[in-house]
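Visitor: Before I ask anything, here is the structure I am working with.
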Amino acid sequence: MFQKTISELSAGLRSGEFSCEELTECFLARVERYDGQLNSLVTLTRDSALAAARAADQRFKTGEVTPLTGIPYLHKDIFCTEGVRTSCGSRMLDNFIAPYDATVTQKLKDAGAVMLGKTNMDEFAMGSSNETSFYGPVRNPWDRERVPGGSSGGSAAAVAARLAPLATGTDTGGSIRQPAALCGVTGIKPTYGRVSRYGMIAFASSLDQAGAFAASAADAARLLQAMAGYDPRDSTSIDRPLEDYSAALEEDLRGLKIGLPKEYFGAGLDTGVADAVAAAVQSLTHLGAEVKDISLPNAALSVPAYYVVAPAECSSNLSRMDGVRFGYRCDNPRDLEDLYVRSRGEGFGAEVKRRILIGTYALSAGYYDAYYLKAQQVRRLIRDDFVRAFSEVDVILSPTAPAPAFRLGEKADDPVTMYLSDIYTIAVNLAGLPGMSVPAGFVGNLPVGMQLIGNYFDEGRLLNVAHRYQQVSDWHRQLPVGFEAV
Amino acid sequence: MAWETVIGLEIHAQLATRSKIFSGASTAYGAPPNTQACAVDLGLPGVLPVLNAEVVRMAAKFGLATHSTVARRSVFARKNYFYPDLPKGYQISQFELPVVQSGHLDIDLEDGTSKRIGITRAHLEEDAGKSLHEDFHGETGIDLNRAGTPLLEIVSEPDLRSAGEAVAYMKKIHTLVRYLEICDGNMQEGSFRCDANVSVRPVGQEAYGTRAEIKNINSFRFVERAINFEVERQIELLEGGATVVQETRLYDADRQETRPMRSKEEANDYRYFPDPDLLPLELDAAFIDAVAATLPELPDARRDRFSHDYGLSRYDAGVLTASRELADFFEQTVENAGGEGKLSANWVMGELAGRLNKEGREITASPVSPALLGGLLRRISDGTISGKIAKQVFEAIWAGEGDADTIIERKGLKQITDSGAIEQSVRDVLAANPGQVEQYKGGQEKLLGFFVGQVMKVTQGKANPGEVNKILKRLLLE
């Protein structure tokens, strides 16, 4: 049952072949059996999941159902969930229980989806390996000695091991796409403003965007459909009709123009990854797509620009974690300053502190123009590169990450090398474009992801290309060894 | 050495919206602590601000009323600093591009001239909460009801040259924001308060002296006292060979002095940057035109019109237009009094104002309505009662005994204008006082007043004084 598609699961629920409760029990059992090896969950919500499943079973009786009614999912622990701890992977929020639901949480509840629990993540979404979590690292199901990628590492690993058919994620510089690639699952980050950020704990507000993990593009389309839409509580959310992602899946690819940016295939790219992506491009040409070499001349500036903008925004966004109203507070503060210094000093991990320091520096009087303002100007150049490219091609294709999953601890002491694992994904966030990662092969035992980048609001097109590719490939159906028992 | 004072004011006007600037929580004053603070006001993880459109309309109104530019594009920025009553660790404000830019306001000086004061800018921002130090025994309580209350910070040019000018300017802004109905002006509740930037320089010197900023002054009287204290302090320092330190100071109303608030070591770098949670605020011409169409007649225009239409002095017209409520009351009175502007002005500023003042009532709580007062004044102007009797009738109206006509009728206060009746009374008085008649005829014409008094006494004040005079003079000549 755990290998069925969402459409098959939904049909099974509708026909009464199995109940929502049985389906939920199936995945809860998988979590309980396997997550000890992965550490992909920080909170399992067995009781509320079963209650939600029974409520979904009721809905099937009355007929008021959606494509996600009764479908289990895992929720990244960055989304606020009323009554259930939202830790954001940090000691700072280890005791934080939000009194409200994020818009995404609410939408999934309304759709009748069943939340099984909340997934592990890099602390405050800052990381590319899921090693910065207060709850310990997540392990890659394909090789438990390797990282799953980050920051949505828990969601990616859990879907890869089929602990849930669906999981939510967020992507600020690649946090959905990079772990999707490293874990061999499908992940999509939509256009900035497509999914509400309300109730999603902010890392870098102008870059953060929620998205979906699933085994396939068709499944991801269903989850994204339920998450997306205008929200008056988020001023940066865009009031624009939502297209039917599932309806677009089967579109023919003949005549589709795919651009290959030369900057994303140069030095530093693992040859195995390059070969896998090249083979995927071949498959797409067999489906009728035309391939064109393009250039994104300012691509090299994206990592430095990102590491000014994102830390600057995070330094301000995380100021509310001050030990005063919620979250971690140090013992016996001597005075106000001591309360701040020790609560934040003890509550935040090293990577978060590093970024707060970088961001505080970049915004300081006398440095603002040289760093923050300059980075925002670079951001405009990067955006312009994409706008030019999309006047020539429909979709841009590249590797998602320069190499397959690396070993736990391998880059932990070298932040700059770690930051470079997002070299192909970061520009997409700076430009606010939709991007996704699709399983495209293996290097040895380790999955490789190919990245598809679309024009603004072209999520439907990305899902269509991915779905067509998945009809002629089976990388996305591979299951890591050791997770086969039902 | 002669010194010149230079003052610029930053006035914080709390905008009179029902809900907060970035959340739906109520702004009502006086609720129990933390009962009017929602998740957004508490700065919980994940929440986002959404701008209250009414706040923007109010700011635009102020901009239009002060001949300012209402910016087509303005930007909200984060002002970052840590304080327990600042929930997010930053205040959302406007920094580089405020919504209102470069306007001016004319104030009246004591010598009768007027002076133009530049308004540099007015920007929107959210208020912080309150730290409560009393009743917590060595701990600090935090009330976040006020957090997120919309403020318009109005920044003047350093055009003010004395505490008196500063007060006149502040009062003028106070009148204006209430006219515009964008601020209730309640200074006790902190809805209207100001920071004063004060410096002194030798007369004739162009460069400004070093300034001190006096924070959070919440009454006109305190503004005057704080500035005067500060000016004297600075002059004393400079004349003693010392220098003024640029710092933030606090006015202590009990000790009537200013003293340093923060030390320099704690000076903050606010790390302003555009708030990525809020898009730039863009206003189109249609929006600004729609706001312009809602502007009421402004205090200066109304004063000039009162002065011209009702033949009032500029001063009287100024008094009557100092608040929109008083001006409305006056105009409704005039209407009810059949257009008697001068008479209405005298009564509103005289009898009525005196009585209200005595009982500590606002004009809006006057038991004598414009209709009642106008009805009374109509009876003065048509000669039904004299001014003296009118005061008696006014007291009865105040006491709730009915309208003027009812009281005049019931108490029989109608003026006697029938000349036959008055002549009979005059004849009676003359017959009863033959000695005085002799003296009058002998040249003591001052006695006319005596006879008038006697006639009024006999008629209980109801005889028309003009008629009495005329008849007396005629009969005394016989």
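Every chain in the structure tokens takes a letter, A first, then B, and so on in the order presented; its residues are numbered from 1, and the ligands are numbered from 1 following the presented order.
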Which of range 349-424 of chain B end up as helix (DSSP H, G or I) when DSSP is run on this backbone - answer as number ranges by chain?
Guide: B: 349-359, 363-365, 370-381, 387-398, 404-411, 419-424
Visitor: List as a PyMOL selection string the protein and nucleic acid residues near Ala29 in chain A, meaning an atom at most 10 Å away when only C-alpha atoms are counted, but skip any in the same chain fewer than 5 places from it.
Guide: chain A and resi 23-24+34-35+46+163+486
Visitor: Rank A:Val395, A:Ala156, A:Ala161, A:Met92 by their smallest atom-to-atom distance to Arg33 in chain A, using only C-alpha atoms, and report the top residue only.
Guide: A:Ala161
Visitor: Hey, list the chain B side of the contact with chain A: 6 Å cut-off, only C-alpha atoms, answer as a list in words.
Guide: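 Every residue meeting the condition is included here: Pro45, Gly46, Val47, Leu48, Val50, Lys88, Gly89, Arg271, Pro276 and Leu278 of chain B.
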Visitor: Restricting the output to all heavy atoms, write the selected residues as a PDB file, in the first residue's frame.
Guide:
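The result, stored in again.pdb:
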```pdb
ATOM      1  N   PRO B  45       6.385  33.536  16.488  1.00  0.00           N
ATOM      2  CA  PRO B  45       7.038  33.038  15.281  1.00  0.00           C
ATOM      3  C   PRO B  45       6.001  32.781  14.188  1.00  0.00           C
ATOM      4  O   PRO B  45       4.942  32.219  14.466  1.00  0.00           O
ATOM      5  CB  PRO B  45       7.668  31.726  15.739  1.00  0.00           C
ATOM      6  CG  PRO B  45       7.858  31.889  17.216  1.00  0.00           C
ATOM      7  CD  PRO B  45       6.697  32.719  17.675  1.00  0.00           C
ATOM      8  N   GLY B  46       6.323  33.197  12.964  1.00  0.00           N
ATOM      9  CA  GLY B  46       5.481  32.879  11.818  1.00  0.00           C
ATOM     10  C   GLY B  46       4.460  33.929  11.428  1.00  0.00           C
ATOM     11  O   GLY B  46       3.942  33.889  10.320  1.00  0.00           O
ATOM     12  N   VAL B  47       4.141  34.869  12.319  1.00  0.00           N
ATOM     13  CA  VAL B  47       3.096  35.832  11.968  1.00  0.00           C
ATOM     14  C   VAL B  47       3.629  36.879  10.991  1.00  0.00           C
ATOM     15  O   VAL B  47       4.837  37.107  10.892  1.00  0.00           O
ATOM     16  CB  VAL B  47       2.522  36.547  13.216  1.00  0.00           C
ATOM     17  CG1 VAL B  47       1.867  35.532  14.134  1.00  0.00           C
ATOM     18  CG2 VAL B  47       3.601  37.341  13.933  1.00  0.00           C
ATOM     19  N   LEU B  48       2.722  37.517  10.281  1.00  0.00           N
ATOM     20  CA  LEU B  48       3.100  38.521   9.296  1.00  0.00           C
ATOM     21  C   LEU B  48       2.212  39.757   9.446  1.00  0.00           C
ATOM     22  O   LEU B  48       1.043  39.642   9.811  1.00  0.00           O
ATOM     23  CB  LEU B  48       2.924  37.956   7.880  1.00  0.00           C
ATOM     24  CG  LEU B  48       3.827  36.779   7.493  1.00  0.00           C
ATOM     25  CD1 LEU B  48       3.378  36.194   6.162  1.00  0.00           C
ATOM     26  CD2 LEU B  48       5.277  37.247   7.412  1.00  0.00           C
ATOM     27  N   VAL B  50      -0.038  42.942   8.100  1.00  0.00           N
ATOM     28  CA  VAL B  50      -0.822  43.374   6.938  1.00  0.00           C
ATOM     29  C   VAL B  50      -1.249  44.813   7.212  1.00  0.00           C
ATOM     30  O   VAL B  50      -1.836  45.104   8.258  1.00  0.00           O
ATOM     31  CB  VAL B  50      -2.070  42.481   6.735  1.00  0.00           C
ATOM     32  CG1 VAL B  50      -2.914  43.011   5.577  1.00  0.00           C
ATOM     33  CG2 VAL B  50      -1.660  41.039   6.455  1.00  0.00           C
ATOM     34  N   LYS B  88       8.883  42.106  18.459  1.00  0.00           N
ATOM     35  CA  LYS B  88       9.592  41.464  17.357  1.00  0.00           C
ATOM     36  C   LYS B  88      11.092  41.724  17.382  1.00  0.00           C
ATOM     37  O   LYS B  88      11.838  41.162  16.583  1.00  0.00           O
ATOM     38  CB  LYS B  88       9.026  41.972  16.013  1.00  0.00           C
ATOM     39  CG  LYS B  88       7.551  41.646  15.813  1.00  0.00           C
ATOM     40  CD  LYS B  88       7.059  42.029  14.427  1.00  0.00           C
ATOM     41  CE  LYS B  88       7.051  43.525  14.169  1.00  0.00           C
ATOM     42  NZ  LYS B  88       6.112  44.269  15.034  1.00  0.00           N
ATOM     43  N   GLY B  89      11.536  42.616  18.268  1.00  0.00           N
ATOM     44  CA  GLY B  89      12.943  42.998  18.237  1.00  0.00           C
ATOM     45  C   GLY B  89      13.192  44.033  17.152  1.00  0.00           C
ATOM     46  O   GLY B  89      14.329  44.403  16.872  1.00  0.00           O
ATOM     47  N   ARG B 271      20.107  49.601  12.329  1.00  0.00           N
ATOM     48  CA  ARG B 271      20.172  48.688  11.176  1.00  0.00           C
ATOM     49  C   ARG B 271      18.871  48.691  10.361  1.00  0.00           C
ATOM     50  O   ARG B 271      18.289  47.661  10.075  1.00  0.00           O
ATOM     51  CB  ARG B 271      20.515  47.259  11.640  1.00  0.00           C
ATOM     52  CG  ARG B 271      21.903  47.161  12.242  1.00  0.00           C
ATOM     53  CD  ARG B 271      22.181  45.789  12.816  1.00  0.00           C
ATOM     54  NE  ARG B 271      21.557  45.603  14.100  1.00  0.00           N
ATOM     55  CZ  ARG B 271      20.697  44.636  14.393  1.00  0.00           C
ATOM     56  NH1 ARG B 271      20.383  43.739  13.482  1.00  0.00           N
ATOM     57  NH2 ARG B 271      20.154  44.546  15.586  1.00  0.00           N
ATOM     58  N   PRO B 276      10.930  43.142   4.445  1.00  0.00           N
ATOM     59  CA  PRO B 276      10.592  42.245   3.342  1.00  0.00           C
ATOM     60  C   PRO B 276       9.196  41.634   3.477  1.00  0.00           C
ATOM     61  O   PRO B 276       8.713  41.009   2.524  1.00  0.00           O
ATOM     62  CB  PRO B 276      11.674  41.159   3.408  1.00  0.00           C
ATOM     63  CG  PRO B 276      12.198  41.202   4.805  1.00  0.00           C
ATOM     64  CD  PRO B 276      11.994  42.601   5.309  1.00  0.00           C
ATOM     65  N   LEU B 278       6.524  43.452   3.903  1.00  0.00           N
ATOM     66  CA  LEU B 278       5.560  44.430   3.388  1.00  0.00           C
ATOM     67  C   LEU B 278       6.076  44.984   2.075  1.00  0.00           C
ATOM     68  O   LEU B 278       7.213  45.425   1.986  1.00  0.00           O
ATOM     69  CB  LEU B 278       5.384  45.577   4.390  1.00  0.00           C
ATOM     70  CG  LEU B 278       4.701  45.194   5.702  1.00  0.00           C
ATOM     71  CD1 LEU B 278       4.998  46.245   6.772  1.00  0.00           C
ATOM     72  CD2 LEU B 278       3.193  45.064   5.510  1.00  0.00           C
TER      73      LEU B 278
END
```
Visitor: Would you compute the distance between CA of Gly318 in chain B and CA of Arg303 in chain B? Give it in Å to one decimal.
Guide: 5.5 Å
Visitor: Residues within 7 Å of range 436-438 of chain A, please, as JSON, numbers by chain. Count only C-alpha atoms; anything in the same chain fewer than 2 positions from it doesn't count.
Guide: {"A": [177, 180, 181, 185, 186, 187, 188, 189, 400, 440, 449, 450, 451, 452, 453, 466]}
Visitor: Near Leu381 in chain A, counting only C-alpha atoms, which residues have an atom at most 10 Å away, once you skip same-chain residues fewer than 2 positions from it, shown as an NGL selection string?
Guide: :A and (296-299 or 301-302 or 375-379 or 383-387 or 430-431)
Visitor: Those selected residues, please, written with C-alpha atoms and delivered as a PDB file, in the first residue's frame.
Guide:
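Output file selection21.pdb follows:
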```
ATOM      1  CA  LEU A 296      23.132  33.125 -17.061  1.00  0.00           C
ATOM      2  CA  PRO A 297      26.170  35.404 -16.896  1.00  0.00           C
ATOM      3  CA  ASN A 298      25.693  36.548 -13.294  1.00  0.00           C
ATOM      4  CA  ALA A 299      25.242  33.049 -11.892  1.00  0.00           C
ATOM      5  CA  LEU A 301      27.294  36.132  -8.014  1.00  0.00           C
ATOM      6  CA  SER A 302      24.328  34.312  -6.546  1.00  0.00           C
ATOM      7  CA  ALA A 375      23.468  42.425  -2.879  1.00  0.00           C
ATOM      8  CA  GLN A 376      19.968  43.623  -3.729  1.00  0.00           C
ATOM      9  CA  GLN A 377      21.351  45.193  -6.908  1.00  0.00           C
ATOM     10  CA  VAL A 378      23.083  41.923  -7.808  1.00  0.00           C
ATOM     11  CA  ARG A 379      19.774  40.210  -7.210  1.00  0.00           C
ATOM     12  CA  ARG A 383      16.655  38.194 -12.169  1.00  0.00           C
ATOM     13  CA  ASP A 384      17.334  39.991 -15.446  1.00  0.00           C
ATOM     14  CA  ASP A 385      19.463  37.024 -16.591  1.00  0.00           C
ATOM     15  CA  PHE A 386      16.480  34.742 -16.126  1.00  0.00           C
ATOM     16  CA  VAL A 387      14.036  37.134 -17.773  1.00  0.00           C
ATOM     17  CA  LEU A 430      16.955  35.358  -5.501  1.00  0.00           C
ATOM     18  CA  ALA A 431      14.823  35.728  -8.639  1.00  0.00           C
TER      19      ALA A 431
END
```
Visitor: Please provide the set of residues having any atom within 12 Å of range 326-333 of chain B, restricted to only C-alpha atoms, with same-chain residues fewer than 4 positions apart removed, written as an NGL selection string.
Guide: :B and (175 or 178-179 or 296-303 or 305-306 or 309-310 or 316-322 or 337-349 or 352-353 or 356 or 362-366 or 368-378)
Visitor: For Arg240 in chain A, find every residue with an atom within 10 Å (counting only C-alpha atoms), except residues of its own chain fewer than 3 positions away, and show them as an NGL selection string.
Guide: :A and (193-194 or 229-230 or 237 or 243 or 457)
Visitor: Could you save the residues just selected, with all heavy atoms, as a PDB file, in the first residue's frame?
Guide:
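part15.pdb written:
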```pdb
ATOM      1  N   GLY A 193       5.499  33.869  -3.441  1.00  0.00           N
ATOM      2  CA  GLY A 193       4.178  34.509  -3.353  1.00  0.00           C
ATOM      3  C   GLY A 193       3.020  33.579  -3.700  1.00  0.00           C
ATOM      4  O   GLY A 193       1.865  33.937  -3.532  1.00  0.00           O
ATOM      5  N   ARG A 194       3.350  32.369  -4.183  1.00  0.00           N
ATOM      6  CA  ARG A 194       2.298  31.432  -4.591  1.00  0.00           C
ATOM      7  C   ARG A 194       1.686  30.712  -3.384  1.00  0.00           C
ATOM      8  O   ARG A 194       0.495  30.453  -3.330  1.00  0.00           O
ATOM      9  CB  ARG A 194       2.881  30.423  -5.590  1.00  0.00           C
ATOM     10  CG  ARG A 194       1.930  29.433  -6.204  1.00  0.00           C
ATOM     11  CD  ARG A 194       0.982  30.027  -7.216  1.00  0.00           C
ATOM     12  NE  ARG A 194      -0.090  30.830  -6.623  1.00  0.00           N
ATOM     13  CZ  ARG A 194      -1.069  31.368  -7.329  1.00  0.00           C
ATOM     14  NH1 ARG A 194      -1.125  31.225  -8.621  1.00  0.00           N
ATOM     15  NH2 ARG A 194      -2.003  32.076  -6.724  1.00  0.00           N
ATOM     16  N   GLY A 229      -2.173  29.318  -3.113  1.00  0.00           N
ATOM     17  CA  GLY A 229      -3.308  30.232  -3.217  1.00  0.00           C
ATOM     18  C   GLY A 229      -3.063  31.520  -2.450  1.00  0.00           C
ATOM     19  O   GLY A 229      -2.240  31.570  -1.526  1.00  0.00           O
ATOM     20  N   TYR A 230      -3.791  32.530  -2.846  1.00  0.00           N
ATOM     21  CA  TYR A 230      -3.660  33.853  -2.234  1.00  0.00           C
ATOM     22  C   TYR A 230      -4.118  33.825  -0.778  1.00  0.00           C
ATOM     23  O   TYR A 230      -5.086  33.162  -0.434  1.00  0.00           O
ATOM     24  CB  TYR A 230      -4.501  34.857  -3.030  1.00  0.00           C
ATOM     25  CG  TYR A 230      -4.594  36.214  -2.382  1.00  0.00           C
ATOM     26  CD1 TYR A 230      -3.457  37.011  -2.246  1.00  0.00           C
ATOM     27  CD2 TYR A 230      -5.804  36.702  -1.903  1.00  0.00           C
ATOM     28  CE1 TYR A 230      -3.529  38.262  -1.648  1.00  0.00           C
ATOM     29  CE2 TYR A 230      -5.890  37.953  -1.305  1.00  0.00           C
ATOM     30  CZ  TYR A 230      -4.753  38.726  -1.181  1.00  0.00           C
ATOM     31  OH  TYR A 230      -4.833  39.954  -0.579  1.00  0.00           O
ATOM     32  N   SER A 237       1.910  37.509  -0.622  1.00  0.00           N
ATOM     33  CA  SER A 237       1.271  36.447  -1.391  1.00  0.00           C
ATOM     34  C   SER A 237       0.542  37.099  -2.573  1.00  0.00           C
ATOM     35  O   SER A 237       0.134  38.252  -2.503  1.00  0.00           O
ATOM     36  CB  SER A 237       0.345  35.629  -0.488  1.00  0.00           C
ATOM     37  OG  SER A 237      -0.989  35.755  -0.834  1.00  0.00           O
ATOM     38  N   GLU A 243      -3.782  27.674 -11.074  1.00  0.00           N
ATOM     39  CA  GLU A 243      -4.082  26.762 -12.179  1.00  0.00           C
ATOM     40  C   GLU A 243      -4.247  25.341 -11.637  1.00  0.00           C
ATOM     41  O   GLU A 243      -3.847  25.041 -10.514  1.00  0.00           O
ATOM     42  CB  GLU A 243      -3.000  26.833 -13.264  1.00  0.00           C
ATOM     43  CG  GLU A 243      -1.725  26.103 -12.926  1.00  0.00           C
ATOM     44  CD  GLU A 243      -0.722  26.147 -14.086  1.00  0.00           C
ATOM     45  OE1 GLU A 243      -0.936  25.433 -15.073  1.00  0.00           O
ATOM     46  OE2 GLU A 243       0.275  26.893 -13.959  1.00  0.00           O
ATOM     47  N   PHE A 457       5.208  31.690 -12.197  1.00  0.00           N
ATOM     48  CA  PHE A 457       3.900  31.013 -12.174  1.00  0.00           C
ATOM     49  C   PHE A 457       3.784  29.873 -13.180  1.00  0.00           C
ATOM     50  O   PHE A 457       2.694  29.457 -13.508  1.00  0.00           O
ATOM     51  CB  PHE A 457       2.761  32.041 -12.357  1.00  0.00           C
ATOM     52  CG  PHE A 457       2.763  33.064 -11.262  1.00  0.00           C
ATOM     53  CD1 PHE A 457       3.282  34.338 -11.473  1.00  0.00           C
ATOM     54  CD2 PHE A 457       2.312  32.725  -9.999  1.00  0.00           C
ATOM     55  CE1 PHE A 457       3.331  35.259 -10.439  1.00  0.00           C
ATOM     56  CE2 PHE A 457       2.349  33.646  -8.965  1.00  0.00           C
ATOM     57  CZ  PHE A 457       2.867  34.912  -9.186  1.00  0.00           C
TER      58      PHE A 457
END
```
Visitor: Please give the complete set of residues from range 138-181 of chain A that DSSP, run on the backbone, assigns to strand (DSSP E or B), formatted as a PyMOL selection string.
Guide: chain A and resi 140+143+146+166-171
Visitor: Take the residues from that selection and write them out as a PDB file, in the first residue's frame, keeping N, CA and C atoms.
Guide:
```pdb
ATOM      1  N   ASN A 140      20.479   9.775   5.513  1.00  0.00           N
ATOM      2  CA  ASN A 140      19.972   9.536   4.161  1.00  0.00           C
ATOM      3  C   ASN A 140      19.577   8.068   4.024  1.00  0.00           C
ATOM      4  N   ASP A 143      21.955   5.770   2.198  1.00  0.00           N
ATOM      5  CA  ASP A 143      23.237   5.468   2.851  1.00  0.00           C
ATOM      6  C   ASP A 143      23.207   6.201   4.182  1.00  0.00           C
ATOM      7  N   ARG A 146      25.396   9.020   5.250  1.00  0.00           N
ATOM      8  CA  ARG A 146      25.413  10.255   4.464  1.00  0.00           C
ATOM      9  C   ARG A 146      24.243  11.173   4.850  1.00  0.00           C
ATOM     10  N   LEU A 166       3.600  11.926   1.247  1.00  0.00           N
ATOM     11  CA  LEU A 166       3.778  13.347   0.965  1.00  0.00           C
ATOM     12  C   LEU A 166       4.432  14.032   2.153  1.00  0.00           C
ATOM     13  N   ALA A 167       5.159  15.106   1.857  1.00  0.00           N
ATOM     14  CA  ALA A 167       5.674  15.930   2.947  1.00  0.00           C
ATOM     15  C   ALA A 167       5.803  17.365   2.466  1.00  0.00           C
ATOM     16  N   THR A 168       5.638  18.287   3.410  1.00  0.00           N
ATOM     17  CA  THR A 168       5.828  19.706   3.071  1.00  0.00           C
ATOM     18  C   THR A 168       7.287  20.066   3.278  1.00  0.00           C
ATOM     19  N   GLY A 169       7.687  21.163   2.667  1.00  0.00           N
ATOM     20  CA  GLY A 169       9.036  21.681   2.867  1.00  0.00           C
ATOM     21  C   GLY A 169       9.029  23.174   2.658  1.00  0.00           C
ATOM     22  N   THR A 170      10.171  23.771   2.920  1.00  0.00           N
ATOM     23  CA  THR A 170      10.337  25.182   2.571  1.00  0.00           C
ATOM     24  C   THR A 170      11.706  25.309   1.923  1.00  0.00           C
ATOM     25  N   ASP A 171      11.825  26.329   1.102  1.00  0.00           N
ATOM     26  CA  ASP A 171      13.007  26.465   0.267  1.00  0.00           C
ATOM     27  C   ASP A 171      13.408  27.931   0.226  1.00  0.00           C
TER      28      ASP A 171
END
```
Visitor: At a cut-off of 10 Å, using only C-alpha atoms, what residues contact Leu51 in chain B? Leave out same-chain residues fewer than 5 positions from it and give the result as a list in words.
Guide: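 Residues meeting the cut-off are Arg233 and Ser235 of chain A; Lys20, Ile21, Phe22, Ser23, Gly24, Val56, Phe76, Leu278, Leu279 and Leu281 of chain B.
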Visitor: Please indicate the distance in Å from CA of Thr140 in chain B to CA of Lys79 in chain B, rounded to one decimal place.
Guide: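 Result for CA of Thr140 in chain B versus CA of Lys79 in chain B: 23.3 Å, one decimal.
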